[in-house]
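Student: protein-v3.csv is reproduced below (CSV, C-alpha atoms).
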chain,number,residue,atom,x,y,z
O,1,MET,CA,82.1,85.0,105.5
O,2,VAL,CA,83.7,86.9,102.6
O,3,HIS,CA,81.5,88.2,99.9
O,4,TRP,CA,82.9,87.8,96.4
O,5,THR,CA,81.4,89.4,93.3
O,6,ALA,CA,81.2,87.3,90.2
O,7,GLU,CA,83.9,89.5,88.7
O,8,GLU,CA,86.3,89.0,91.6
O,9,LYS,CA,85.8,85.2,91.4
O,10,GLN,CA,86.5,85.3,87.7
O,11,PHE,CA,89.8,87.3,88.2
O,12,ILE,CA,91.0,84.8,90.8
O,13,ILE,CA,90.0,81.6,89.1
O,14,SER,CA,91.3,82.6,85.7
O,15,LEU,CA,94.6,83.9,87.0
O,16,TRP,CA,95.0,80.8,89.1
O,17,GLY,CA,94.6,78.6,86.1
O,18,LYS,CA,97.8,80.1,84.6
O,19,VAL,CA,99.9,79.9,87.8
O,20,ASN,CA,102.8,77.4,87.9
O,21,VAL,CA,102.3,76.5,91.5
O,22,ALA,CA,105.7,74.9,92.1
O,23,GLU,CA,107.5,77.9,90.5
O,24,CYS,CA,105.5,80.7,92.1
O,25,GLY,CA,105.3,78.9,95.4
O,26,GLY,CA,109.0,78.5,95.6
O,27,GLU,CA,109.6,82.0,94.4
O,28,ALA,CA,107.2,83.5,96.9
O,29,LEU,CA,108.7,81.7,99.9
O,30,ALA,CA,112.2,82.5,98.8
O,31,ARG,CA,111.3,86.2,98.4
O,32,LEU,CA,109.7,86.2,101.9
O,33,LEU,CA,112.9,84.8,103.4
O,34,ILE,CA,115.0,87.3,101.5
O,35,VAL,CA,112.9,90.4,101.9
O,36,TYR,CA,111.9,89.8,105.5
O,37,PRO,CA,114.9,87.8,106.8
O,38,TRP,CA,113.4,87.5,110.3
O,39,THR,CA,110.9,85.0,108.8
O,40,GLN,CA,113.8,82.6,108.5
O,41,ARG,CA,113.2,81.9,112.2
O,42,PHE,CA,110.7,79.3,111.3
O,43,PHE,CA,113.0,77.4,109.0
O,44,SER,CA,116.1,76.5,111.0
O,45,THR,CA,116.0,73.0,109.6
O,46,PHE,CA,116.1,74.1,106.0
O,47,GLY,CA,119.9,74.2,105.7
O,48,ASN,CA,121.7,77.0,103.9
O,49,LEU,CA,119.7,80.3,104.1
O,50,SER,CA,122.9,82.4,104.3
O,51,SER,CA,122.4,84.5,101.2
O,52,ALA,CA,119.8,85.4,98.7
O,53,ASN,CA,121.4,83.0,96.2
O,54,ALA,CA,121.5,80.2,98.7
O,55,ILE,CA,117.8,80.7,99.5
O,56,LEU,CA,116.8,80.9,95.8
O,57,HIS,CA,118.5,77.6,95.1
O,58,ASN,CA,117.6,75.8,98.4
O,59,PRO,CA,115.5,72.7,97.5
O,60,LYS,CA,113.7,72.7,100.8
O,61,VAL,CA,112.6,76.2,100.3
O,62,HIS,CA,111.4,75.3,96.9
O,63,ALA,CA,109.5,72.2,98.1
O,64,HIS,CA,107.9,74.0,101.0
O,65,GLY,CA,106.9,77.0,98.9
O,66,LYS,CA,105.2,74.6,96.5
O,67,LYS,CA,103.4,73.0,99.4
O,68,VAL,CA,102.2,76.3,100.8
O,69,LEU,CA,100.9,77.6,97.5
O,70,THR,CA,99.2,74.3,96.7
O,71,SER,CA,97.4,74.7,100.0
O,72,PHE,CA,96.5,78.3,98.9
O,73,GLY,CA,94.8,76.7,95.9
O,74,ASP,CA,92.3,75.2,98.3
O,75,ALA,CA,91.1,78.7,99.0
O,76,VAL,CA,90.6,79.3,95.3
O,77,LYS,CA,88.5,76.1,95.1
O,78,ASN,CA,86.5,77.1,98.2
O,79,LEU,CA,86.1,80.8,97.9
O,80,ASP,CA,82.8,80.7,99.7
O,81,ASN,CA,84.1,78.7,102.6
O,82,ILE,CA,87.7,79.9,103.3
O,83,LYS,CA,87.2,79.9,107.0
O,84,ALA,CA,86.3,76.2,107.3
O,85,THR,CA,88.9,75.3,104.7
O,86,PHE,CA,91.7,76.6,106.8
O,87,ALA,CA,90.4,75.8,110.3
O,88,HIS,CA,92.8,72.8,110.7
O,89,LEU,CA,95.8,74.7,109.3
O,90,SER,CA,95.0,77.6,111.6
O,91,GLU,CA,95.2,75.3,114.6
O,92,LEU,CA,98.4,73.8,113.3
O,93,HIS,CA,100.1,77.2,112.8
O,94,CYS,CA,99.1,78.3,116.3
O,95,ASP,CA,99.7,75.1,118.4
O,96,LYS,CA,102.5,73.4,116.6
O,97,LEU,CA,104.2,75.9,114.3
O,98,HIS,CA,103.8,79.0,116.6
O,99,VAL,CA,103.7,81.4,113.7
O,100,ASP,CA,102.8,85.0,114.3
O,101,PRO,CA,99.8,85.7,112.0
O,102,GLU,CA,101.5,88.9,110.9
O,103,ASN,CA,103.6,86.6,108.7
O,104,PHE,CA,100.6,85.5,106.7
O,105,LYS,CA,100.1,89.1,105.7
O,106,LEU,CA,103.7,89.4,104.7
O,107,LEU,CA,103.6,86.2,102.6
O,108,GLY,CA,100.3,87.3,101.0
O,109,ASN,CA,101.8,90.6,99.8
O,110,ILE,CA,104.9,88.8,98.5
O,111,LEU,CA,102.6,86.5,96.6
O,112,VAL,CA,100.9,89.4,95.0
O,113,ILE,CA,104.3,90.9,93.9
O,114,VAL,CA,105.3,87.5,92.5
O,115,LEU,CA,102.1,87.3,90.5
O,116,ALA,CA,102.8,90.9,89.2
O,117,THR,CA,106.2,89.8,88.0
O,118,HIS,CA,104.7,86.9,86.1
O,119,PHE,CA,101.6,88.4,84.7
O,120,GLY,CA,102.6,92.0,84.0
O,121,LYS,CA,99.8,94.2,82.7
O,122,ASP,CA,97.4,91.3,82.8
O,123,PHE,CA,97.5,91.7,86.5
O,124,THR,CA,95.2,94.7,86.3
O,125,PRO,CA,94.3,97.0,89.2
O,126,ALA,CA,91.0,95.2,89.5
O,127,SER,CA,92.6,91.8,89.4
O,128,GLN,CA,95.1,92.8,92.0
O,129,ALA,CA,92.3,94.1,94.2
O,130,ALA,CA,90.6,90.7,94.0
O,131,TRP,CA,93.9,89.0,94.9
O,132,GLN,CA,94.6,91.4,97.8
O,133,LYS,CA,91.2,90.4,99.1
O,134,LEU,CA,92.0,86.7,98.7
O,135,VAL,CA,95.3,86.9,100.5
O,136,SER,CA,93.9,88.9,103.3
O,137,SER,CA,91.0,86.4,103.7
O,138,VAL,CA,93.4,83.5,103.8
O,139,ALA,CA,95.6,85.3,106.3
O,140,HIS,CA,92.5,86.1,108.4
O,141,ALA,CA,91.2,82.5,108.2
O,142,LEU,CA,94.6,81.2,109.3
O,143,SER,CA,94.5,83.3,112.4
O,144,LEU,CA,91.0,82.4,113.5
O,145,LYS,CA,91.9,79.4,115.7
O,146,TYR,CA,94.6,81.2,117.5
O,147,HIS,CA,94.3,81.3,121.3
Y,148,MET,CA,117.7,99.4,109.8
Y,149,GLY,CA,120.0,101.5,107.7
Y,150,LEU,CA,120.4,101.5,104.0
Y,151,THR,CA,123.7,99.8,102.9
Y,152,ALA,CA,125.7,101.0,99.9
Y,153,CYS,CA,124.3,98.1,98.1
Y,154,ASP,CA,120.7,99.1,98.9
Y,155,LYS,CA,121.4,102.6,97.6
Y,156,THR,CA,122.8,101.2,94.3
Y,157,ASN,CA,119.8,98.9,93.9
Y,158,VAL,CA,117.3,101.8,94.5
Y,159,LYS,CA,119.1,104.0,92.0
Y,160,ALA,CA,118.9,101.1,89.5
Y,161,VAL,CA,115.2,101.0,89.9
Y,162,TRP,CA,115.0,104.8,89.4
Y,163,VAL,CA,116.8,104.6,86.1
Y,164,LYS,CA,113.7,102.7,84.9
Y,165,VAL,CA,111.0,104.5,86.7
Y,166,GLY,CA,112.4,108.0,86.5
Y,167,GLY,CA,111.3,108.7,82.9
Y,168,HIS,CA,107.6,107.9,83.5
Y,169,LEU,CA,106.7,109.5,86.8
Y,170,GLU,CA,103.2,110.5,85.7
Y,171,ASP,CA,102.3,107.0,84.3
Y,172,TYR,CA,103.7,105.0,87.2
Y,173,GLY,CA,102.6,107.5,89.8
Y,174,ALA,CA,99.0,107.4,88.5
Y,175,GLU,CA,99.1,103.6,88.3
Y,176,THR,CA,100.5,103.4,91.9
Y,177,LEU,CA,97.7,105.5,93.2
Y,178,GLU,CA,95.0,103.8,91.1
Y,179,ARG,CA,96.1,100.4,92.4
Y,180,MET,CA,96.2,101.7,96.0
Y,181,PHE,CA,92.7,103.2,95.6
Y,182,THR,CA,91.3,100.0,94.0
Y,183,SER,CA,92.9,97.5,96.5
Y,184,TYR,CA,92.5,99.7,99.6
Y,185,PRO,CA,89.4,101.8,99.1
Y,186,GLN,CA,89.8,103.3,102.5
Y,187,THR,CA,92.8,105.3,101.1
Y,188,LYS,CA,90.3,107.3,99.0
Y,189,THR,CA,89.1,109.0,102.2
Y,190,TYR,CA,92.1,111.3,101.9
Y,191,PHE,CA,91.0,112.5,98.5
Y,192,PRO,CA,87.3,113.5,98.7
Y,193,HIS,CA,88.1,116.5,96.5
Y,194,PHE,CA,89.6,114.4,93.7
Y,195,ASP,CA,88.1,112.9,90.6
Y,196,LEU,CA,89.2,109.3,91.2
Y,197,HIS,CA,88.1,107.8,87.8
Y,198,HIS,CA,90.7,105.9,85.8
Y,199,GLY,CA,92.9,108.4,83.9
Y,200,SER,CA,91.9,111.4,86.0
Y,201,ALA,CA,94.1,114.4,85.5
Y,202,GLN,CA,94.2,114.9,89.2
Y,203,ILE,CA,95.5,111.4,89.9
Y,204,ARG,CA,98.1,111.8,87.1
Y,205,ALA,CA,99.3,115.1,88.6
Y,206,HIS,CA,99.3,113.8,92.1
Y,207,GLY,CA,101.0,110.5,91.1
Y,208,LYS,CA,103.7,112.6,89.4
Y,209,LYS,CA,104.1,114.7,92.5
Y,210,VAL,CA,104.4,111.7,94.8
Y,211,LEU,CA,107.0,109.8,92.6
Y,212,GLY,CA,108.8,113.1,92.1
Y,213,ALA,CA,109.2,113.4,95.8
Y,214,LEU,CA,110.4,109.8,96.0
Y,215,GLY,CA,112.9,110.6,93.2
Y,216,GLU,CA,114.2,113.6,95.2
Y,217,ALA,CA,114.7,111.2,98.1
Y,218,VAL,CA,116.6,108.8,95.8
Y,219,SER,CA,118.9,111.8,94.8
Y,220,HIS,CA,119.5,112.6,98.4
Y,221,ILE,CA,119.5,109.0,99.7
Y,222,ASP,CA,122.4,109.7,102.0
Y,223,ASP,CA,120.3,112.2,104.0
Y,224,LEU,CA,116.7,111.5,103.8
Y,225,ALA,CA,115.8,113.4,106.9
Y,226,THR,CA,117.0,116.7,105.5
Y,227,ALA,CA,115.8,116.0,101.9
Y,228,LEU,CA,112.3,115.2,103.2
Y,229,SER,CA,112.1,117.7,106.1
Y,230,LYS,CA,109.5,120.0,104.5
Y,231,LEU,CA,107.4,117.1,103.4
Y,232,SER,CA,107.6,115.6,106.8
Y,233,ASP,CA,106.3,118.9,108.3
Y,234,LEU,CA,103.5,118.9,105.7
Y,235,HIS,CA,102.4,115.4,106.6
Y,236,ALA,CA,102.5,116.0,110.3
Y,237,GLN,CA,100.8,119.4,110.4
Y,238,ASN,CA,98.4,119.4,107.4
Y,239,LEU,CA,98.0,116.0,105.8
Y,240,ARG,CA,98.1,113.8,108.9
Y,241,VAL,CA,97.8,110.6,106.8
Y,242,ASP,CA,97.6,107.7,109.2
Y,243,PRO,CA,101.0,105.9,109.2
Y,244,VAL,CA,99.4,102.6,108.1
Y,245,ASN,CA,98.8,104.1,104.7
Y,246,PHE,CA,102.4,104.5,103.9
Y,247,LYS,CA,102.7,100.7,103.8
Y,248,LEU,CA,99.8,100.5,101.4
Y,249,LEU,CA,101.2,103.1,99.0
Y,250,SER,CA,104.7,101.4,99.2
Y,251,HIS,CA,103.2,98.0,98.4
Y,252,SER,CA,101.3,99.5,95.5
Y,253,PHE,CA,104.4,101.0,94.1
Y,254,LEU,CA,106.3,97.7,94.5
Y,255,VAL,CA,103.6,96.0,92.5
Y,256,VAL,CA,103.9,98.6,89.7
Y,257,VAL,CA,107.7,98.1,89.6
Y,258,ALA,CA,107.2,94.3,89.6
Y,259,LEU,CA,104.8,94.2,86.8
Y,260,HIS,CA,106.7,96.7,84.5
Y,261,PHE,CA,110.2,95.6,85.4
Y,262,PRO,CA,110.1,92.0,86.7
Y,263,SER,CA,113.8,91.4,85.8
Y,264,VAL,CA,114.8,94.5,87.7
Y,265,LEU,CA,112.9,93.6,90.8
Y,266,THR,CA,115.1,90.7,91.8
Y,267,PRO,CA,114.7,89.6,95.4
Y,268,GLU,CA,117.8,91.5,96.3
Y,269,VAL,CA,116.6,94.7,94.7
Y,270,HIS,CA,113.1,94.1,96.2
Y,271,VAL,CA,114.5,94.1,99.8
Y,272,SER,CA,116.5,97.3,99.1
Y,273,LEU,CA,113.5,99.1,97.6
Y,274,ASP,CA,111.3,97.9,100.5
Y,275,LYS,CA,113.9,99.2,103.0
Y,276,PHE,CA,114.1,102.5,101.2
Y,277,LEU,CA,110.3,102.9,101.2
Y,278,VAL,CA,110.2,102.1,104.9
Y,279,ALA,CA,112.9,104.7,105.6
Y,280,VAL,CA,111.0,107.4,103.6
Y,281,SER,CA,107.8,106.5,105.4
Y,282,THR,CA,109.6,106.7,108.8
Y,283,VAL,CA,110.9,110.2,107.9
Y,284,LEU,CA,107.5,111.4,106.7
Y,285,THR,CA,105.8,110.3,110.0
Y,286,SER,CA,108.6,111.2,112.3
Y,287,LYS,CA,107.1,114.6,113.4
Y,288,TYR,CA,103.6,113.3,114.0
Y,289,ARG,CA,103.9,113.6,117.7
Would you encode the structure as structure tokens?

Tutor:
Amino acid sequence: MVHWTAEEKQFIISLWGKVNVAECGGEALARLLIVYPWTQRFFSTFGNLSSANAILHNPKVHAHGKKVLTSFGDAVKNLDNIKATFAHLSELHCDKLHVDPENFKLLGNILVIVLATHFGKDFTPASQAAWQKLVSSVAHALSLKYH
Amino acid sequence: MGLTACDKTNVKAVWVKVGGHLEDYGAETLERMFTSYPQTKTYFPHFDLHHGSAQIRAHGKKVLGALGEAVSHIDDLATALSKLSDLHAQNLRVDPVNFKLLSHSFLVVVALHFPSVLTPEVHVSLDKFLVAVSTVLTSKYR
């Protein structure tokens, strides 16, 4: 189980309160697909991913990004029980989606960069550190049921 | 994975913004790396690692200065970074995984100070550039 200081929880919860989940989620997924184009392998049914512009305006990317970040919000609401919170999703990503867990780390870091673009200096080094810990905890939890 | 002409243009565009504040952004990059990834501090037991430390500012300036040199010689990174590559292989021997941590920390600094510059297209170019630099710096490790 991950141990969070009160300060880390505060950084996470207060920033999350200001996040536009649809916007940031869509941006994060689009950026993942643009910056690491091999991740497009999981989205062959998403239509036009042929250019950065196409990806940024793709409604399926936007919708899925929102879905993914909404789910991420479950981690924020259950910081003391991330492992159990993502147990089912872990099985899904292994058994049905066949996603290499390395991709969770890539998306986590992209999310941190998207948060940085939105929050600027408010995204202090200490706040970033708390978020790095969160994205890595979620990535880890999502890989636990892999076999 | 080579740098395209477009990548090189994008990286130079970032450097126009970053170039004038190497000490500030260099220090911030290092501070973020040390805060998010405390294991990276193991390479600096001899440093004062407090916020605002003169050593961090100087070292940050040195690191970004070297990156700036790489930008100026972006068509031949291997030659431009050859001496630094020797240094990392023979003296510093920083584990390769740490180059990713430093690169990510630098991307965060660019993102928060210049969000409109770090479009997804520029982001991929800068990421590719940092990977290319990291590859050169670890190329003589064994």

Student: Give me, as a list in words, the contact residues of chain Y against chain O at a cut-off of 7 Å, counting only C-alpha atoms.

Tutor: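 Only these qualify: Arg179, Thr182, Ser183, Val255, Ala258, Leu259, His260, Pro262, Pro267, Glu268, His270 and Val271 of chain Y.
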
Student: Report as a PyMOL selection string all protein, DNA and RNA residues lying within 7 Å of stretch 217-219 of chain Y, evaluated on all atoms listed in the file, omitting residues in the same chain fewer than 5 positions from it.

Tutor: chain Y and resi 159+224+227-228

Student: Please, what distance in Å, to one decimal, runs between atom CA of Y:Val278 and atom CA of Y:Ala152?

Tutor: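 Atom-to-atom, atom CA of Y:Val278 to atom CA of Y:Ala152, that is 16.3 Å.
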
Student: Which polymer residues have any atom within 12 Å of an atom of Y:Lys230, counting all atoms listed in the file, with same-chain residues fewer than 3 positions away left out, as a ChimeraX atom specification?

Tutor: /Y:213,224-227,233-238,283-287

Student: Which neighbours of O:Trp4 fall inside 12 Å, counting all atoms listed in the file, when residues of the same chain fewer than 5 positions from it are skipped, and could you give them as a PDB file with C-alpha atoms, in the frame of the given file?

Tutor:
ATOM      1  CA  LYS O   9      85.800  85.200  91.400  1.00  0.00           C
ATOM      2  CA  GLN O  10      86.500  85.300  87.700  1.00  0.00           C
ATOM      3  CA  PHE O  11      89.800  87.300  88.200  1.00  0.00           C
ATOM      4  CA  ILE O  12      91.000  84.800  90.800  1.00  0.00           C
ATOM      5  CA  ILE O  13      90.000  81.600  89.100  1.00  0.00           C
ATOM      6  CA  VAL O  76      90.600  79.300  95.300  1.00  0.00           C
ATOM      7  CA  ASN O  78      86.500  77.100  98.200  1.00  0.00           C
ATOM      8  CA  LEU O  79      86.100  80.800  97.900  1.00  0.00           C
ATOM      9  CA  ASP O  80      82.800  80.700  99.700  1.00  0.00           C
ATOM     10  CA  ASN O  81      84.100  78.700 102.600  1.00  0.00           C
ATOM     11  CA  ILE O  82      87.700  79.900 103.300  1.00  0.00           C
ATOM     12  CA  ALA O 129      92.300  94.100  94.200  1.00  0.00           C
ATOM     13  CA  ALA O 130      90.600  90.700  94.000  1.00  0.00           C
ATOM     14  CA  TRP O 131      93.900  89.000  94.900  1.00  0.00           C
ATOM     15  CA  LYS O 133      91.200  90.400  99.100  1.00  0.00           C
ATOM     16  CA  LEU O 134      92.000  86.700  98.700  1.00  0.00           C
ATOM     17  CA  SER O 137      91.000  86.400 103.700  1.00  0.00           C
TER      18      SER O 137
END

Student: Which is closest to Y:His168 among Y:His251, Y:Lys155, Y:His193, Y:Lys209, if we use only C-alpha atoms?

Tutor: Y:Lys209

Student: Enter the distance from atom CA of Y:Phe194 to atom CA of Y:Lys164, in Å, rounded to one decimal.

Tutor: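 Straight-line distance from atom CA of Y:Phe194 to atom CA of Y:Lys164 works out to 28.2 Å.
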
Student: Residues within 12 Å of Y:Asp223, please, as a list of chain:residue names. Count all atoms listed in the file; anything in the same chain fewer than 6 positions from it doesn't count.

Tutor: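 My reading of the contact set: Y:Gly149, Y:Leu150, Y:Lys155, Y:Glu216, Y:Ala217, Y:Ser229, Y:Phe276, Y:Ala279, Y:Val280, Y:Val283.
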
Student: When you count only C-alpha atoms, which of these residues is closest to O:Lys96: O:Tyr146, O:Trp16, O:His62, O:Ser136?

Tutor: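 Of O:Tyr146, O:Trp16, O:His62, O:Ser136, the one nearest O:Lys96 is O:Tyr146, counting only C-alpha atoms.
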
Student: As an exercise, work out the distance from atom CA of O:Gly25 to atom CA of O:Val68 in Å and give it to one decimal place.

Tutor: 6.7 Å

Student: Do a neighbour search on stretch 242-249 of chain Y at 7 Å with only C-alpha atoms, toss out local chain neighbours closer than 4 positions, and write the hits as a PDB file with C-alpha atoms, in the coordinates of the input.

Tutor:
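Now in around.pdb:
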ATOM      1  CA  MET Y 180      96.200 101.700  96.000  1.00  0.00           C
ATOM      2  CA  PHE Y 253     104.400 101.000  94.100  1.00  0.00           C
ATOM      3  CA  SER Y 281     107.800 106.500 105.400  1.00  0.00           C
ATOM      4  CA  THR Y 285     105.800 110.300 110.000  1.00  0.00           C
TER       5      THR Y 285
END
